[in-house]
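Visitor: Structure file final-v1.cif (mmCIF, C-alpha atoms) is given on the next line.
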```cif
data_data
#
loop_
_atom_site.group_PDB
_atom_site.id
_atom_site.type_symbol
_atom_site.label_atom_id
_atom_site.label_comp_id
_atom_site.auth_asym_id
_atom_site.auth_seq_id
_atom_site.Cartn_x
_atom_site.Cartn_y
_atom_site.Cartn_z
ATOM 1 C CA MET A 960 -1.430 -9.364 -14.861
ATOM 2 C CA LYS A 961 -1.597 -9.173 -11.073
ATOM 3 C CA THR A 962 -2.176 -5.785 -9.458
ATOM 4 C CA ILE A 963 -0.741 -4.360 -6.244
ATOM 5 C CA ILE A 964 -1.611 -1.257 -4.251
ATOM 6 C CA LEU A 965 0.781 0.175 -1.669
ATOM 7 C CA VAL A 966 -0.778 2.587 0.835
ATOM 8 C CA TYR A 967 1.391 4.306 3.438
ATOM 9 C CA ALA A 968 1.679 7.081 5.999
ATOM 10 C CA SER A 969 4.959 8.827 6.747
ATOM 11 C CA MET A 970 5.636 11.817 8.953
ATOM 12 C CA THR A 971 9.428 12.153 8.984
ATOM 13 C CA GLY A 972 10.095 10.357 5.689
ATOM 14 C CA ASN A 973 11.344 7.070 7.157
ATOM 15 C CA THR A 974 8.297 5.016 6.140
ATOM 16 C CA ARG A 975 8.288 6.734 2.749
ATOM 17 C CA GLU A 976 11.911 5.636 2.216
ATOM 18 C CA MET A 977 10.838 2.097 3.019
ATOM 19 C CA ALA A 978 7.868 2.401 0.640
ATOM 20 C CA ASP A 979 10.117 3.648 -2.175
ATOM 21 C CA ALA A 980 12.463 0.675 -1.787
ATOM 22 C CA ILE A 981 9.561 -1.802 -1.575
ATOM 23 C CA VAL A 982 8.124 -0.312 -4.778
ATOM 24 C CA GLU A 983 11.524 -0.831 -6.466
ATOM 25 C CA GLY A 984 11.386 -4.481 -5.425
ATOM 26 C CA ILE A 985 7.834 -4.928 -6.716
ATOM 27 C CA ARG A 986 8.808 -3.336 -10.035
ATOM 28 C CA SER A 987 11.841 -5.626 -10.330
ATOM 29 C CA ALA A 988 9.383 -8.543 -10.216
ATOM 30 C CA GLY A 989 7.511 -7.093 -13.189
ATOM 31 C CA ILE A 990 4.537 -5.412 -11.530
ATOM 32 C CA GLU A 991 3.859 -1.671 -11.561
ATOM 33 C CA PRO A 992 2.146 -0.956 -8.231
ATOM 34 C CA GLU A 993 -0.358 1.790 -7.508
ATOM 35 C CA VAL A 994 1.181 3.915 -4.708
ATOM 36 C CA LYS A 995 -0.924 6.204 -2.522
ATOM 37 C CA GLU A 996 -0.532 8.101 0.701
ATOM 38 C CA VAL A 997 -3.228 6.936 3.087
ATOM 39 C CA VAL A 998 -4.919 10.364 3.149
ATOM 40 C CA ASP A 999 -5.463 10.069 -0.626
ATOM 41 C CA CYS A 1000 -6.964 6.574 -0.542
ATOM 42 C CA SER A 1001 -10.251 5.001 0.463
ATOM 43 C CA ALA A 1002 -10.120 1.563 2.079
ATOM 44 C CA SER A 1003 -12.752 0.347 -0.395
ATOM 45 C CA GLU A 1004 -10.107 0.645 -3.151
ATOM 46 C CA LEU A 1005 -8.279 -2.363 -1.676
ATOM 47 C CA ALA A 1006 -10.933 -4.653 -3.166
ATOM 48 C CA ASP A 1007 -9.727 -3.733 -6.670
ATOM 49 C CA TYR A 1008 -6.256 -5.260 -6.234
ATOM 50 C CA ASP A 1009 -4.763 -8.749 -5.956
ATOM 51 C CA GLY A 1010 -2.077 -7.593 -3.546
ATOM 52 C CA ILE A 1011 -2.233 -5.037 -0.747
ATOM 53 C CA VAL A 1012 0.814 -3.521 0.955
ATOM 54 C CA LEU A 1013 0.222 -1.207 3.912
ATOM 55 C CA GLY A 1014 2.888 0.917 5.583
ATOM 56 C CA ALA A 1015 2.635 2.944 8.766
ATOM 57 C CA TYR A 1016 4.951 4.334 11.378
ATOM 58 C CA THR A 1017 4.039 3.698 14.992
ATOM 59 C CA TRP A 1018 2.808 6.773 16.818
ATOM 60 C CA GLY A 1019 3.128 7.459 20.517
ATOM 61 C CA ASP A 1020 3.284 4.353 22.648
ATOM 62 C CA GLY A 1021 2.031 1.839 20.121
ATOM 63 C CA GLU A 1022 -0.726 3.387 18.044
ATOM 64 C CA LEU A 1023 -1.547 3.914 14.395
ATOM 65 C CA PRO A 1024 -0.744 7.429 13.178
ATOM 66 C CA ASP A 1025 -3.717 9.804 13.133
ATOM 67 C CA GLU A 1026 -3.804 9.915 9.335
ATOM 68 C CA PHE A 1027 -4.347 6.124 9.252
ATOM 69 C CA LEU A 1028 -7.285 6.037 11.699
ATOM 70 C CA ASP A 1029 -10.124 6.786 9.255
ATOM 71 C CA PHE A 1030 -8.727 4.322 6.699
ATOM 72 C CA TYR A 1031 -8.418 1.663 9.408
ATOM 73 C CA GLU A 1032 -12.047 2.180 10.449
ATOM 74 C CA GLU A 1033 -13.158 2.072 6.792
ATOM 75 C CA MET A 1034 -11.478 -1.329 6.449
ATOM 76 C CA GLU A 1035 -14.066 -2.851 8.788
ATOM 77 C CA GLY A 1036 -16.400 -5.064 6.798
ATOM 78 C CA LEU A 1037 -14.099 -5.461 3.774
ATOM 79 C CA ASP A 1038 -13.769 -8.992 2.438
ATOM 80 C CA LEU A 1039 -10.113 -9.565 1.583
ATOM 81 C CA ARG A 1040 -10.383 -13.315 1.014
ATOM 82 C CA GLY A 1041 -8.432 -14.320 -2.070
ATOM 83 C CA LYS A 1042 -6.084 -11.361 -1.702
ATOM 84 C CA LYS A 1043 -2.546 -11.253 -0.392
ATOM 85 C CA ALA A 1044 -1.382 -8.572 2.013
ATOM 86 C CA ALA A 1045 1.876 -7.370 3.546
ATOM 87 C CA VAL A 1046 2.644 -4.695 6.139
ATOM 88 C CA PHE A 1047 5.731 -2.603 6.900
ATOM 89 C CA GLY A 1048 6.685 0.412 8.965
ATOM 90 C CA SER A 1049 9.360 2.399 10.670
ATOM 91 C CA CYS A 1050 9.568 2.241 14.427
ATOM 92 C CA ASP A 1051 11.494 3.488 17.420
ATOM 93 C CA SER A 1052 12.814 1.076 20.051
ATOM 94 C CA GLY A 1053 12.730 3.927 22.562
ATOM 95 C CA TYR A 1054 9.058 3.052 23.068
ATOM 96 C CA GLU A 1055 7.659 0.051 24.903
ATOM 97 C CA LYS A 1056 5.615 -1.232 21.929
ATOM 98 C CA VAL A 1057 8.099 -1.277 19.052
ATOM 99 C CA GLY A 1058 6.452 -1.160 15.642
ATOM 100 C CA ALA A 1059 2.974 -1.810 17.017
ATOM 101 C CA ALA A 1060 1.341 -0.161 13.976
ATOM 102 C CA VAL A 1061 2.667 -3.014 11.829
ATOM 103 C CA ASP A 1062 1.161 -5.553 14.237
ATOM 104 C CA ILE A 1063 -2.185 -3.718 14.334
ATOM 105 C CA LEU A 1064 -2.441 -3.652 10.543
ATOM 106 C CA LEU A 1065 -1.341 -7.283 10.192
ATOM 107 C CA GLU A 1066 -4.054 -8.319 12.606
ATOM 108 C CA LYS A 1067 -6.631 -6.293 10.657
ATOM 109 C CA VAL A 1068 -5.856 -7.686 7.186
ATOM 110 C CA THR A 1069 -5.719 -11.220 8.585
ATOM 111 C CA SER A 1070 -9.091 -10.766 10.308
ATOM 112 C CA LEU A 1071 -10.545 -9.608 6.970
ATOM 113 C CA GLY A 1072 -9.437 -12.829 5.288
ATOM 114 C CA ALA A 1073 -6.262 -11.791 3.466
ATOM 115 C CA ASP A 1074 -3.432 -14.273 3.049
ATOM 116 C CA VAL A 1075 -0.254 -12.810 4.583
ATOM 117 C CA PRO A 1076 2.762 -14.566 3.008
ATOM 118 C CA LEU A 1077 5.457 -12.443 4.709
ATOM 119 C CA ASN A 1078 6.183 -11.389 8.266
ATOM 120 C CA GLY A 1079 5.658 -7.705 8.947
ATOM 121 C CA LEU A 1080 8.742 -5.638 8.142
ATOM 122 C CA LYS A 1081 9.903 -3.229 10.844
ATOM 123 C CA VAL A 1082 12.865 -0.886 10.489
ATOM 124 C CA GLU A 1083 14.336 1.213 13.273
ATOM 125 C CA LEU A 1084 13.900 4.866 12.266
ATOM 126 C CA SER A 1085 15.494 5.643 8.878
ATOM 127 C CA PRO A 1086 16.435 2.584 6.802
ATOM 128 C CA SER A 1087 20.151 1.984 6.280
ATOM 129 C CA VAL A 1088 21.557 0.953 2.892
ATOM 130 C CA GLN A 1089 21.259 -2.708 3.927
ATOM 131 C CA GLU A 1090 17.731 -2.212 5.273
ATOM 132 C CA LYS A 1091 16.708 -0.597 1.980
ATOM 133 C CA GLU A 1092 17.883 -3.762 0.238
ATOM 134 C CA THR A 1093 15.797 -5.766 2.717
ATOM 135 C CA CYS A 1094 12.834 -3.576 1.748
ATOM 136 C CA ARG A 1095 13.487 -4.230 -1.959
ATOM 137 C CA GLU A 1096 13.576 -7.970 -1.270
ATOM 138 C CA PHE A 1097 10.333 -7.666 0.735
ATOM 139 C CA GLY A 1098 8.678 -6.042 -2.296
ATOM 140 C CA ARG A 1099 10.130 -8.620 -4.708
ATOM 141 C CA SER A 1100 9.053 -11.521 -2.512
ATOM 142 C CA PHE A 1101 5.569 -10.128 -2.092
ATOM 143 C CA ALA A 1102 5.127 -9.626 -5.844
ATOM 144 C CA GLN A 1103 6.404 -13.157 -6.498
ATOM 145 C CA SER A 1104 3.928 -14.566 -3.948
ATOM 146 C CA LEU A 1105 1.112 -13.420 -6.252
ATOM 147 C CA ALA A 1106 2.300 -15.686 -9.097
#
```
Represent the supplied structure as structure tokens.
Guide:
Amino acid sequence: MKTIILVYASMTGNTREMADAIVEGIRSAGIEPEVKEVVDCSASELADYDGIVLGAYTWGDGELPDEFLDFYEEMEGLDLRGKKAAVFGSCDSGYEKVGAAVDILLEKVTSLGADVPLNGLKVELSPSVQEKETCREFGRSFAQSLA
């Protein structure tokens, strides 16, 4: 059976809401993902999974949140070839660089060799009912891409 880890950071709960819905979608595809907050996870753990889902809100004017910085640095040197990855996050269009954390993480997993079958998923602030369904579909689609 394929394995998936979902690692996220959430300050106000918006990215956590997205993570919860994505997990529902992954489960609906028959996979029970490992879910960790980024502060409770080491980047080296990513090597143990077939699928990697990373979630982060964008901080300030287009940066990763502080709690993601050590994990991001630890990712350097990982070999993610043969693995699939997806990235999501909440964002705020009041800033110039909307959802830049998603873009930063997508660039990182791609540079480490991961196959990225889905576009990054960005949601403005708290996900609506419809956006939660989009998150579920994102999780379902990602899980199905591992088949």
Visitor: Quick one: which residues end up in the PyMOL selection byres ((chain A and resi 984) around 9) for this structure, as a list in words?
Guide: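 That selection, the PyMOL selection byres ((chain A and resi 984) around 9), comes back as Asp979, Ala980, Ile981, Val982, Glu983, Ile985, Arg986, Ser987, Ala988, Glu1092, Cys1094, Arg1095, Glu1096, Phe1097, Gly1098, Arg1099, Ser1100, Phe1101 and Ala1102 of chain A.
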Visitor: Which residues come within 7 Å of stretch 1060-1064 of chain A, counting only C-alpha atoms, excluding same-chain residues fewer than 6 positions away, as number ranges by chain?
Guide: A: 1015-1017, 1021-1023, 1046-1048, 1079
Visitor: Which residues match the PyMOL selection byres ((chain A and resi 1031) around 10) in the file above, as a short mmCIF file (atom, residue, chain, number, x, y, z; two decimals) with C-alpha atoms, in the frame of the given file?
Guide:
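Once everything was written out, this is result.cif:
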```cif
data_model
loop_
_atom_site.label_atom_id
_atom_site.label_comp_id
_atom_site.auth_asym_id
_atom_site.auth_seq_id
_atom_site.Cartn_x
_atom_site.Cartn_y
_atom_site.Cartn_z
CA VAL A 997 -3.23 6.94 3.09
CA SER A 1001 -10.25 5.00 0.46
CA ALA A 1002 -10.12 1.56 2.08
CA LEU A 1023 -1.55 3.91 14.40
CA GLU A 1026 -3.80 9.91 9.34
CA PHE A 1027 -4.35 6.12 9.25
CA LEU A 1028 -7.28 6.04 11.70
CA ASP A 1029 -10.12 6.79 9.26
CA PHE A 1030 -8.73 4.32 6.70
CA GLU A 1032 -12.05 2.18 10.45
CA GLU A 1033 -13.16 2.07 6.79
CA MET A 1034 -11.48 -1.33 6.45
CA GLU A 1035 -14.07 -2.85 8.79
CA ILE A 1063 -2.18 -3.72 14.33
CA LEU A 1064 -2.44 -3.65 10.54
CA LYS A 1067 -6.63 -6.29 10.66
CA VAL A 1068 -5.86 -7.69 7.19
#
```
Visitor: Which is closer to A:Asn973 than all the others in A:Ala1044, A:Ala1073, A:Ile1011, A:Cys1050, using all atoms listed in the file?
Guide: A:Cys1050
Visitor: Find the residues near A:Glu993: any atom within 12 Å, counting all atoms listed in the file, skip ones fewer than 6 places away on the same chain, and give them as a list in words.
Guide: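 So the residues in contact are Lys961, Thr962, Ile963, Ile964, Leu965, Val966, Tyr967, Ala978, Asp979, Val982, Ile985, Arg986, Asp999, Cys1000, Glu1004, Leu1005, Asp1007, Tyr1008, Asp1009, Gly1010, Ile1011, Val1012 and Leu1013 of chain A.
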Visitor: If the PyMOL selection byres ((chain A and resi 1037) around 8) were run on this exact file, what residues would it hold? Put them as a list of chain:residue names.
Guide: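 Against this file, the PyMOL selection byres ((chain A and resi 1037) around 8) returns the residues A:Ser1003, A:Ala1006, A:Met1034, A:Glu1035, A:Gly1036, A:Asp1038, A:Leu1039, A:Leu1071.
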Visitor: Just the number, please: distance in Å from atom CA of A:Asp1025 to atom CA of A:Glu991, one decimal.
Guide: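 We find that atom CA of A:Asp1025 and atom CA of A:Glu991 lie 28.3 Å from each other.
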Visitor: Just the number, please: distance in Å from atom CA of A:Ser1049 to atom CA of A:Lys995, one decimal.
Guide: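 Taking atom CA of A:Ser1049 as the start and atom CA of A:Lys995 as the end point, the length is 17.2 Å.
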Visitor: Expressed in Å to a single decimal, how great is the separation between atom CA of A:Gln1089 and atom CA of A:Gln1103?
Guide: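 Separation between atom CA of A:Gln1089 and atom CA of A:Gln1103: 20.9 Å.
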Visitor: Restricting the calculation to all atoms listed in the file: of A:Ser1052, A:Ser969, A:Thr1069, A:Thr974, which residue gets closest to A:Glu1090?
Guide: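 Closest to A:Glu1090, using all atoms listed in the file: A:Thr974.
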Visitor: Could you check which of A:Asp1051, A:Asp1020, A:Glu1066, A:Glu996 is closest to A:Lys1081, using all atoms listed in the file?
Guide: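 Closest residue, counting all atoms listed in the file: A:Asp1051.
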Visitor: Hey, can I get the axis-aligned box for stretch 984-990 of chain A? All listed atoms, 4 Å padding on each side, centre and edge lengths in Å to one decimal, as lines of an AutoDock Vina configuration file.
Guide:
```
center_x = 8.2
center_y = -5.9
center_z = -9.3
size_x = 15.3
size_y = 13.2
size_z = 15.8
```
Visitor: With all atoms listed in the file as the atoms that count, which of A:Ser1104, A:Leu1065, A:Gly1014, A:Lys1056 lies nearest to A:Gly972?
Guide: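 That would be A:Gly1014, the residue with the smallest distance to A:Gly972.
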Visitor: Smallest atom-to-atom distance to A:Trp1018: which of A:Val1088, A:Val998, A:Met970, A:Met977, using only C-alpha atoms?
Guide: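 With only C-alpha atoms as the atom set, the closest residue is A:Met970.
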Visitor: Kindly indicate which residue among A:Leu1105, A:Tyr1054, A:Met960, A:Ala1045 lies nearest to A:Val1075, using only C-alpha atoms for the distances.
Guide: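 With only C-alpha atoms as the atom set, the closest residue is A:Ala1045.
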Visitor: Only all heavy atoms, as an mmCIF file, in the first residue's frame: that is what I want for stretch 1044-1058 of chain A.
Guide:
```cif
data_model
loop_
_atom_site.group_PDB
_atom_site.id
_atom_site.type_symbol
_atom_site.label_atom_id
_atom_site.label_comp_id
_atom_site.auth_asym_id
_atom_site.auth_seq_id
_atom_site.Cartn_x
_atom_site.Cartn_y
_atom_site.Cartn_z
ATOM 1 N N ALA A 1044 4.825 14.709 -4.914
ATOM 2 C CA ALA A 1044 4.638 15.764 -3.917
ATOM 3 C C ALA A 1044 3.537 16.723 -4.369
ATOM 4 O O ALA A 1044 3.280 16.885 -5.567
ATOM 5 C CB ALA A 1044 5.945 16.530 -3.709
ATOM 6 N N ALA A 1045 2.900 17.341 -3.379
ATOM 7 C CA ALA A 1045 1.883 18.358 -3.625
ATOM 8 C C ALA A 1045 2.017 19.406 -2.528
ATOM 9 O O ALA A 1045 2.488 19.112 -1.425
ATOM 10 C CB ALA A 1045 0.486 17.750 -3.607
ATOM 11 N N VAL A 1046 1.595 20.633 -2.842
ATOM 12 C CA VAL A 1046 1.736 21.743 -1.897
ATOM 13 C C VAL A 1046 0.451 22.570 -1.881
ATOM 14 O O VAL A 1046 -0.164 22.806 -2.926
ATOM 15 C CB VAL A 1046 2.951 22.636 -2.266
ATOM 16 C CG1 VAL A 1046 3.108 23.768 -1.264
ATOM 17 C CG2 VAL A 1046 4.231 21.808 -2.348
ATOM 18 N N PHE A 1047 0.078 23.022 -0.685
ATOM 19 C CA PHE A 1047 -1.117 23.854 -0.520
ATOM 20 C C PHE A 1047 -0.853 24.906 0.543
ATOM 21 O O PHE A 1047 0.100 24.802 1.311
ATOM 22 C CB PHE A 1047 -2.322 22.982 -0.115
ATOM 23 C CG PHE A 1047 -2.210 22.410 1.269
ATOM 24 C CD1 PHE A 1047 -2.805 23.052 2.348
ATOM 25 C CD2 PHE A 1047 -1.504 21.234 1.503
ATOM 26 C CE1 PHE A 1047 -2.682 22.530 3.631
ATOM 27 C CE2 PHE A 1047 -1.395 20.707 2.777
ATOM 28 C CZ PHE A 1047 -1.979 21.356 3.847
ATOM 29 N N GLY A 1048 -1.720 25.918 0.587
ATOM 30 C CA GLY A 1048 -1.607 26.903 1.653
ATOM 31 C C GLY A 1048 -2.648 27.993 1.558
ATOM 32 O O GLY A 1048 -3.198 28.253 0.486
ATOM 33 N N SER A 1049 -2.897 28.598 2.691
ATOM 34 C CA SER A 1049 -3.795 29.746 2.722
ATOM 35 C C SER A 1049 -2.975 30.998 2.427
ATOM 36 O O SER A 1049 -1.773 31.041 2.654
ATOM 37 C CB SER A 1049 -4.484 29.864 4.085
ATOM 38 O OG SER A 1049 -3.537 30.053 5.103
ATOM 39 N N CYS A 1050 -3.647 31.986 1.878
ATOM 40 C CA CYS A 1050 -2.935 33.205 1.505
ATOM 41 C C CYS A 1050 -3.852 34.410 1.677
ATOM 42 O O CYS A 1050 -5.017 34.274 2.000
ATOM 43 C CB CYS A 1050 -2.405 33.094 0.082
ATOM 44 S SG CYS A 1050 -3.630 32.620 -1.150
ATOM 45 N N ASP A 1051 -3.290 35.566 1.428
ATOM 46 C CA ASP A 1051 -4.007 36.819 1.612
ATOM 47 C C ASP A 1051 -3.667 37.728 0.436
ATOM 48 O O ASP A 1051 -2.512 38.132 0.269
ATOM 49 C CB ASP A 1051 -3.581 37.447 2.937
ATOM 50 C CG ASP A 1051 -4.340 38.724 3.276
ATOM 51 O OD1 ASP A 1051 -4.967 39.320 2.369
ATOM 52 O OD2 ASP A 1051 -4.292 39.131 4.448
ATOM 53 N N SER A 1052 -4.659 38.029 -0.391
ATOM 54 C CA SER A 1052 -4.413 38.843 -1.585
ATOM 55 C C SER A 1052 -4.128 40.304 -1.246
ATOM 56 O O SER A 1052 -3.860 41.104 -2.136
ATOM 57 C CB SER A 1052 -5.588 38.740 -2.564
ATOM 58 O OG SER A 1052 -6.767 39.213 -1.952
ATOM 59 N N GLY A 1053 -4.144 40.640 0.031
ATOM 60 C CA GLY A 1053 -3.774 41.991 0.445
ATOM 61 C C GLY A 1053 -2.274 42.233 0.324
ATOM 62 O O GLY A 1053 -1.817 43.365 0.419
ATOM 63 N N TYR A 1054 -1.520 41.160 0.109
ATOM 64 C CA TYR A 1054 -0.068 41.265 -0.045
ATOM 65 C C TYR A 1054 0.317 41.152 -1.512
ATOM 66 O O TYR A 1054 -0.407 40.557 -2.317
ATOM 67 C CB TYR A 1054 0.640 40.169 0.759
ATOM 68 C CG TYR A 1054 0.530 40.364 2.240
ATOM 69 C CD1 TYR A 1054 -0.449 39.711 2.973
ATOM 70 C CD2 TYR A 1054 1.398 41.209 2.918
ATOM 71 C CE1 TYR A 1054 -0.566 39.886 4.336
ATOM 72 C CE2 TYR A 1054 1.295 41.397 4.286
ATOM 73 C CZ TYR A 1054 0.310 40.733 4.994
ATOM 74 O OH TYR A 1054 0.208 40.921 6.341
ATOM 75 N N GLU A 1055 1.470 41.700 -1.841
ATOM 76 C CA GLU A 1055 1.940 41.693 -3.226
ATOM 77 C C GLU A 1055 2.172 40.275 -3.743
ATOM 78 O O GLU A 1055 1.803 39.939 -4.866
ATOM 79 C CB GLU A 1055 3.232 42.508 -3.329
ATOM 80 C CG GLU A 1055 3.744 42.635 -4.754
ATOM 81 C CD GLU A 1055 4.998 43.484 -4.832
ATOM 82 O OE1 GLU A 1055 5.216 44.346 -3.944
ATOM 83 O OE2 GLU A 1055 5.752 43.279 -5.778
ATOM 84 N N LYS A 1056 2.815 39.429 -2.945
ATOM 85 C CA LYS A 1056 3.132 38.055 -3.356
ATOM 86 C C LYS A 1056 2.110 37.122 -2.719
ATOM 87 O O LYS A 1056 2.286 36.648 -1.604
ATOM 88 C CB LYS A 1056 4.547 37.680 -2.939
ATOM 89 C CG LYS A 1056 5.605 38.526 -3.615
ATOM 90 C CD LYS A 1056 6.984 38.136 -3.141
ATOM 91 C CE LYS A 1056 8.021 39.050 -3.769
ATOM 92 N NZ LYS A 1056 9.353 38.792 -3.220
ATOM 93 N N VAL A 1057 1.058 36.828 -3.450
ATOM 94 C CA VAL A 1057 -0.053 36.024 -2.930
ATOM 95 C C VAL A 1057 0.319 34.547 -2.940
ATOM 96 O O VAL A 1057 0.639 33.980 -3.979
ATOM 97 C CB VAL A 1057 -1.332 36.267 -3.762
ATOM 98 C CG1 VAL A 1057 -2.477 35.413 -3.237
ATOM 99 C CG2 VAL A 1057 -1.699 37.740 -3.755
ATOM 100 N N GLY A 1058 0.299 33.940 -1.757
ATOM 101 C CA GLY A 1058 0.565 32.508 -1.659
ATOM 102 C C GLY A 1058 1.978 32.100 -2.021
ATOM 103 O O GLY A 1058 2.213 30.981 -2.458
#
```
